[in-house]
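Remarks on the structure that follows.
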Amino acid sequence: MKQECLIWIDRLKNGQTQKIAESLNPSFLDTNEADLKFLAPVQIQGEAYLTNEELILHLKASTKANLPCVICNELITIDLALDSFYHTQPIHEIPSAIFDYQELLREALLLEIPHYVECNQGKCPDRPAITPYLCSNKQQKQEVHFPFSDLGDNHGSTTQ
Ligand SMILES: [Zn+2]
């Protein structure tokens, strides 16, 4: 399974280019976030080749992810894509002569995930319902100060 993201340096030594065209099981992208799910195979396309001292990796990748609307929590499907992922690695840093780019690809794709999404193209129908929540939250913040003023009163009364 993991062989899908390996590049054998020796096979590129005579100026060969390794064409990459894979459809990967998205399970390698899984994070600890329960709300984030990857739904579609990760399609990757690109090539790998060597210069005198470096391995060059140039890829496109795409998949689909599910994540919840920041307001109503409804799951939304978004397209996740890397249009031009480019990586260079000095050959001497690949002592095994086999380069595994899965973790690089994973990190690059995860960075593309938006910090928050809103359903209905940014117009969540539940959006008005969040306003009273924000107001009550503000009030709670104010109440935090009451115990301090109480303390001040108690202090004053004990010194009397
Ligand atoms: Zn929503």
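Within each chain, counting starts at residue 1; across the structure tokens, chains are named A, B, ... in the order shown, with ligands numbered 1 upward in that order.
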Residues up to 7 Å from ligand 1, counting only C-alpha atoms and all ligand atoms: could you list those as a PDB file with N, CA and C atoms, in the first residue's frame?
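Output saved as out31.pdb:
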ATOM      1  N   CYS A  69     -19.930  22.912   9.033  1.00  0.00           N
ATOM      2  CA  CYS A  69     -20.198  24.351   8.980  1.00  0.00           C
ATOM      3  C   CYS A  69     -19.889  24.940  10.353  1.00  0.00           C
ATOM      4  N   VAL A  70     -19.209  26.059  10.384  1.00  0.00           N
ATOM      5  CA  VAL A  70     -18.775  26.662  11.642  1.00  0.00           C
ATOM      6  C   VAL A  70     -19.980  27.136  12.462  1.00  0.00           C
ATOM      7  N   ILE A  71     -21.120  27.345  11.811  1.00  0.00           N
ATOM      8  CA  ILE A  71     -22.292  27.861  12.525  1.00  0.00           C
ATOM      9  C   ILE A  71     -23.275  26.748  12.892  1.00  0.00           C
ATOM     10  N   CYS A  72     -23.723  25.962  11.897  1.00  0.00           N
ATOM     11  CA  CYS A  72     -24.783  24.997  12.191  1.00  0.00           C
ATOM     12  C   CYS A  72     -24.259  23.565  12.314  1.00  0.00           C
ATOM     13  N   ASN A  73     -22.972  23.362  12.057  1.00  0.00           N
ATOM     14  CA  ASN A  73     -22.355  22.047  12.219  1.00  0.00           C
ATOM     15  C   ASN A  73     -22.706  21.051  11.124  1.00  0.00           C
ATOM     16  N   GLU A  74     -23.479  21.465  10.154  1.00  0.00           N
ATOM     17  CA  GLU A  74     -23.809  20.556   9.056  1.00  0.00           C
ATOM     18  C   GLU A  74     -22.547  20.265   8.243  1.00  0.00           C
ATOM     19  N   GLU A 118     -18.440  27.710   5.965  1.00  0.00           N
ATOM     20  CA  GLU A 118     -19.845  27.965   6.259  1.00  0.00           C
ATOM     21  C   GLU A 118     -20.661  27.342   5.140  1.00  0.00           C
ATOM     22  N   CYS A 119     -21.752  26.677   5.490  1.00  0.00           N
ATOM     23  CA  CYS A 119     -22.561  25.981   4.493  1.00  0.00           C
ATOM     24  C   CYS A 119     -23.297  26.975   3.600  1.00  0.00           C
ATOM     25  N   ASN A 120     -23.974  26.449   2.588  1.00  0.00           N
ATOM     26  CA  ASN A 120     -24.805  27.281   1.705  1.00  0.00           C
ATOM     27  C   ASN A 120     -23.990  28.433   1.095  1.00  0.00           C
ATOM     28  N   CYS A 124     -24.990  30.538   5.738  1.00  0.00           N
ATOM     29  CA  CYS A 124     -25.628  29.522   6.562  1.00  0.00           C
ATOM     30  C   CYS A 124     -27.005  30.006   7.011  1.00  0.00           C
ATOM     31  N   PRO A 125     -28.054  29.196   6.814  1.00  0.00           N
ATOM     32  CA  PRO A 125     -29.406  29.630   7.230  1.00  0.00           C
ATOM     33  C   PRO A 125     -29.520  29.834   8.736  1.00  0.00           C
ATOM     34  N   ASP A 126     -28.629  29.240   9.510  1.00  0.00           N
ATOM     35  CA  ASP A 126     -28.677  29.399  10.967  1.00  0.00           C
ATOM     36  C   ASP A 126     -27.923  30.623  11.454  1.00  0.00           C
TER      37      ASP A 126
END
Every residue of segment 7-87 of chain A that DSSP places in strand (DSSP E or B), as a PyMOL selection string:
chain A and resi 7-8+18-24+37-38+42-50+54-69+75-87
Requested write-out: N, CA and C atoms of the selected residues, as a tab-separated table (two decimals), in the first residue's frame:
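Below is the file result17.tsv, written as the result:
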chain	number	residue	atom	x	y	z
A	7	ILE	N	9.79	6.75	-4.45
A	7	ILE	CA	10.56	7.00	-5.66
A	7	ILE	C	11.92	6.33	-5.51
A	8	TRP	N	12.24	5.47	-6.45
A	8	TRP	CA	13.53	4.79	-6.42
A	8	TRP	C	14.55	5.63	-7.17
A	18	GLN	N	10.40	9.75	-13.77
A	18	GLN	CA	9.34	8.85	-13.31
A	18	GLN	C	8.02	9.58	-13.37
A	19	LYS	N	7.12	9.07	-14.20
A	19	LYS	CA	5.78	9.65	-14.26
A	19	LYS	C	4.99	9.14	-13.06
A	20	ILE	N	4.26	10.03	-12.46
A	20	ILE	CA	3.45	9.65	-11.31
A	20	ILE	C	1.98	9.87	-11.65
A	21	ALA	N	1.21	8.82	-11.54
A	21	ALA	CA	-0.23	8.93	-11.74
A	21	ALA	C	-0.86	7.88	-10.83
A	22	GLU	N	-1.37	8.34	-9.71
A	22	GLU	CA	-1.87	7.40	-8.71
A	22	GLU	C	-3.22	7.84	-8.18
A	23	SER	N	-3.91	6.87	-7.66
A	23	SER	CA	-5.14	7.15	-6.95
A	23	SER	C	-4.98	6.50	-5.58
A	24	LEU	N	-4.76	7.31	-4.56
A	24	LEU	CA	-4.41	6.79	-3.25
A	24	LEU	C	-5.61	6.74	-2.32
A	37	LYS	N	-13.25	14.56	7.60
A	37	LYS	CA	-13.20	13.26	6.93
A	37	LYS	C	-12.80	13.46	5.46
A	38	PHE	N	-12.03	12.52	4.96
A	38	PHE	CA	-11.66	12.57	3.55
A	38	PHE	C	-12.47	11.53	2.80
A	42	VAL	N	-7.21	10.17	-3.21
A	42	VAL	CA	-6.32	11.29	-3.51
A	42	VAL	C	-5.71	11.02	-4.89
A	43	GLN	N	-6.10	11.84	-5.86
A	43	GLN	CA	-5.57	11.68	-7.22
A	43	GLN	C	-4.29	12.47	-7.32
A	44	ILE	N	-3.23	11.80	-7.68
A	44	ILE	CA	-1.99	12.55	-7.87
A	44	ILE	C	-1.43	12.31	-9.26
A	45	GLN	N	-0.83	13.37	-9.78
A	45	GLN	CA	-0.22	13.32	-11.10
A	45	GLN	C	1.01	14.18	-11.08
A	46	GLY	N	2.04	13.70	-11.71
A	46	GLY	CA	3.25	14.52	-11.74
A	46	GLY	C	4.43	13.73	-12.20
A	47	GLU	N	5.61	14.19	-11.78
A	47	GLU	CA	6.82	13.53	-12.22
A	47	GLU	C	7.94	13.74	-11.21
A	48	ALA	N	8.91	12.86	-11.28
A	48	ALA	CA	10.10	12.96	-10.45
A	48	ALA	C	11.31	12.74	-11.35
A	49	TYR	N	12.33	13.52	-11.11
A	49	TYR	CA	13.57	13.33	-11.87
A	49	TYR	C	14.74	13.87	-11.06
A	50	LEU	N	15.94	13.61	-11.54
A	50	LEU	CA	17.13	14.03	-10.81
A	50	LEU	C	17.85	15.15	-11.56
A	54	GLU	N	20.09	16.82	-6.85
A	54	GLU	CA	18.80	16.84	-6.18
A	54	GLU	C	17.76	15.99	-6.89
A	55	LEU	N	16.85	15.50	-6.06
A	55	LEU	CA	15.63	14.89	-6.58
A	55	LEU	C	14.58	16.00	-6.69
A	56	ILE	N	13.96	16.07	-7.84
A	56	ILE	CA	12.90	17.06	-8.05
A	56	ILE	C	11.58	16.30	-8.13
A	57	LEU	N	10.62	16.80	-7.36
A	57	LEU	CA	9.30	16.19	-7.34
A	57	LEU	C	8.29	17.28	-7.64
A	58	HIS	N	7.47	17.03	-8.62
A	58	HIS	CA	6.51	18.04	-9.04
A	58	HIS	C	5.16	17.35	-9.21
A	59	LEU	N	4.18	17.76	-8.41
A	59	LEU	CA	2.91	17.03	-8.36
A	59	LEU	C	1.70	17.94	-8.38
A	60	LYS	N	0.62	17.36	-8.85
A	60	LYS	CA	-0.71	17.92	-8.61
A	60	LYS	C	-1.45	16.88	-7.78
A	61	ALA	N	-2.29	17.32	-6.89
A	61	ALA	CA	-3.05	16.35	-6.10
A	61	ALA	C	-4.43	16.92	-5.80
A	62	SER	N	-5.40	16.04	-5.70
A	62	SER	CA	-6.75	16.51	-5.34
A	62	SER	C	-7.52	15.42	-4.63
A	63	THR	N	-8.41	15.86	-3.76
A	63	THR	CA	-9.32	14.95	-3.07
A	63	THR	C	-10.52	15.76	-2.60
A	64	LYS	N	-11.41	15.12	-1.88
A	64	LYS	CA	-12.56	15.83	-1.31
A	64	LYS	C	-12.58	15.59	0.19
A	65	ALA	N	-12.98	16.62	0.93
A	65	ALA	CA	-13.05	16.47	2.38
A	65	ALA	C	-14.40	16.93	2.89
A	66	ASN	N	-14.79	16.37	4.00
A	66	ASN	CA	-16.02	16.76	4.70
A	66	ASN	C	-15.63	17.49	5.96
A	67	LEU	N	-16.17	18.66	6.18
A	67	LEU	CA	-15.99	19.28	7.48
A	67	LEU	C	-17.23	20.08	7.84
A	68	PRO	N	-17.44	20.33	9.13
A	68	PRO	CA	-18.70	20.91	9.55
A	68	PRO	C	-18.75	22.42	9.37
A	69	CYS	N	-19.93	22.91	9.03
A	69	CYS	CA	-20.20	24.35	8.98
A	69	CYS	C	-19.89	24.94	10.35
A	75	LEU	N	-22.42	19.00	7.81
A	75	LEU	CA	-21.20	18.64	7.09
A	75	LEU	C	-21.23	19.20	5.67
A	76	ILE	N	-20.13	19.76	5.27
A	76	ILE	CA	-19.99	20.33	3.93
A	76	ILE	C	-18.86	19.59	3.23
A	77	THR	N	-19.04	19.35	1.94
A	77	THR	CA	-17.98	18.72	1.17
A	77	THR	C	-17.20	19.80	0.43
A	78	ILE	N	-15.91	19.79	0.60
A	78	ILE	CA	-15.10	20.77	-0.13
A	78	ILE	C	-14.07	20.04	-1.00
A	79	ASP	N	-13.71	20.70	-2.08
A	79	ASP	CA	-12.63	20.18	-2.93
A	79	ASP	C	-11.30	20.66	-2.37
A	80	LEU	N	-10.39	19.74	-2.28
A	80	LEU	CA	-9.07	20.05	-1.75
A	80	LEU	C	-8.08	19.77	-2.86
A	81	ALA	N	-7.27	20.74	-3.21
A	81	ALA	CA	-6.37	20.51	-4.34
A	81	ALA	C	-5.04	21.22	-4.17
A	82	LEU	N	-4.02	20.57	-4.65
A	82	LEU	CA	-2.70	21.20	-4.78
A	82	LEU	C	-2.46	21.34	-6.28
A	83	ASP	N	-2.36	22.57	-6.74
A	83	ASP	CA	-2.19	22.77	-8.17
A	83	ASP	C	-0.75	22.52	-8.61
A	84	SER	N	0.17	22.87	-7.74
A	84	SER	CA	1.56	22.72	-8.14
A	84	SER	C	2.42	22.52	-6.90
A	85	PHE	N	2.53	21.26	-6.51
A	85	PHE	CA	3.37	20.93	-5.37
A	85	PHE	C	4.77	20.62	-5.87
A	86	TYR	N	5.74	21.34	-5.32
A	86	TYR	CA	7.10	21.26	-5.84
A	86	TYR	C	8.04	20.99	-4.67
A	87	HIS	N	8.84	19.96	-4.80
A	87	HIS	CA	9.75	19.65	-3.71
A	87	HIS	C	11.10	19.24	-4.27
In Å, rounded to a single decimal, give me how far atom CA of Arg106 of chain A is from atom CA of Ser27 of chain A.
10.3 Å
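Atom CA of Phe28 of chain A sits 23.7 Å away from atom CA of Glu93 of chain A.
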Alpha helix (DSSP H) per DSSP on the backbone: members of segment 43-145 of chain A, as a PyMOL selection string
chain A and resi 102-111+119-122+130-143
Write the residues of the preceding selection, restricted to N, CA and C atoms, as a short mmCIF file (atom, residue, chain, number, x, y, z; two decimals), in the first residue's frame.
data_model
loop_
_atom_site.label_atom_id
_atom_site.label_comp_id
_atom_site.auth_asym_id
_atom_site.auth_seq_id
_atom_site.Cartn_x
_atom_site.Cartn_y
_atom_site.Cartn_z
N GLN A 102 5.07 10.54 0.91
CA GLN A 102 3.69 10.54 1.40
C GLN A 102 3.46 11.59 2.50
N GLU A 103 4.41 11.70 3.42
CA GLU A 103 4.22 12.65 4.52
C GLU A 103 4.26 14.09 4.02
N LEU A 104 5.10 14.36 3.05
CA LEU A 104 5.16 15.70 2.44
C LEU A 104 3.83 16.05 1.79
N LEU A 105 3.30 15.09 1.07
CA LEU A 105 2.04 15.28 0.37
C LEU A 105 0.91 15.50 1.38
N ARG A 106 0.95 14.72 2.44
CA ARG A 106 -0.07 14.82 3.49
C ARG A 106 -0.05 16.23 4.10
N GLU A 107 1.13 16.68 4.48
CA GLU A 107 1.23 18.00 5.11
C GLU A 107 0.77 19.10 4.17
N ALA A 108 1.16 18.98 2.91
CA ALA A 108 0.77 20.02 1.95
C ALA A 108 -0.74 20.05 1.75
N LEU A 109 -1.37 18.90 1.70
CA LEU A 109 -2.82 18.85 1.52
C LEU A 109 -3.54 19.36 2.76
N LEU A 110 -3.05 18.99 3.94
CA LEU A 110 -3.71 19.42 5.17
C LEU A 110 -3.62 20.94 5.34
N LEU A 111 -2.55 21.52 4.82
CA LEU A 111 -2.41 22.98 4.90
C LEU A 111 -3.45 23.70 4.04
N CYS A 119 -21.75 26.68 5.49
CA CYS A 119 -22.56 25.98 4.49
C CYS A 119 -23.30 26.98 3.60
N ASN A 120 -23.97 26.45 2.59
CA ASN A 120 -24.80 27.28 1.70
C ASN A 120 -23.99 28.43 1.10
N GLN A 121 -22.80 28.13 0.62
CA GLN A 121 -21.90 29.12 0.01
C GLN A 121 -21.67 30.35 0.89
N GLY A 122 -21.45 30.11 2.16
CA GLY A 122 -21.14 31.21 3.07
C GLY A 122 -22.36 31.92 3.63
N ILE A 130 -27.06 32.82 15.76
CA ILE A 130 -25.81 32.91 16.52
C ILE A 130 -25.72 34.24 17.26
N THR A 131 -26.51 35.24 16.86
CA THR A 131 -26.42 36.57 17.47
C THR A 131 -26.78 36.56 18.96
N PRO A 132 -27.93 35.98 19.36
CA PRO A 132 -28.23 35.94 20.80
C PRO A 132 -27.16 35.19 21.59
N TYR A 133 -26.56 34.18 20.95
CA TYR A 133 -25.51 33.44 21.64
C TYR A 133 -24.33 34.35 21.95
N LEU A 134 -23.96 35.17 20.97
CA LEU A 134 -22.83 36.08 21.16
C LEU A 134 -23.14 37.10 22.26
N CYS A 135 -24.42 37.56 22.32
CA CYS A 135 -24.82 38.53 23.34
C CYS A 135 -24.71 37.93 24.74
N SER A 136 -25.23 36.73 24.92
CA SER A 136 -25.21 36.12 26.25
C SER A 136 -23.78 35.83 26.66
N ASN A 137 -22.95 35.57 25.68
CA ASN A 137 -21.54 35.32 25.97
C ASN A 137 -20.88 36.58 26.54
N LYS A 138 -21.26 37.71 26.00
CA LYS A 138 -20.73 39.00 26.43
C LYS A 138 -21.14 39.25 27.89
N GLN A 139 -22.41 38.94 28.17
CA GLN A 139 -22.94 39.17 29.51
C GLN A 139 -22.17 38.32 30.53
N GLN A 140 -21.90 37.07 30.12
CA GLN A 140 -21.16 36.18 31.03
C GLN A 140 -19.80 36.77 31.37
N LYS A 141 -19.19 37.39 30.38
CA LYS A 141 -17.87 37.99 30.59
C LYS A 141 -17.96 39.07 31.65
N GLN A 142 -19.02 39.86 31.60
CA GLN A 142 -19.19 40.94 32.57
C GLN A 142 -19.37 40.38 33.97
N GLU A 143 -20.12 39.27 34.06
CA GLU A 143 -20.40 38.69 35.38
C GLU A 143 -19.13 38.23 36.07
#
One decimal, in Å: what's the spacing between atom CA of Glu33 of chain A and atom CA of Tyr101 of chain A?
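Computed distance, atom CA of Glu33 of chain A to atom CA of Tyr101 of chain A, equals 22.7 Å.
Proximity to Pro41 of chain A was assessed for A:His92, A:Leu12, A:Phe99, A:Pro26 counting only C-alpha atoms; the smallest distance is recorded for A:Pro26.
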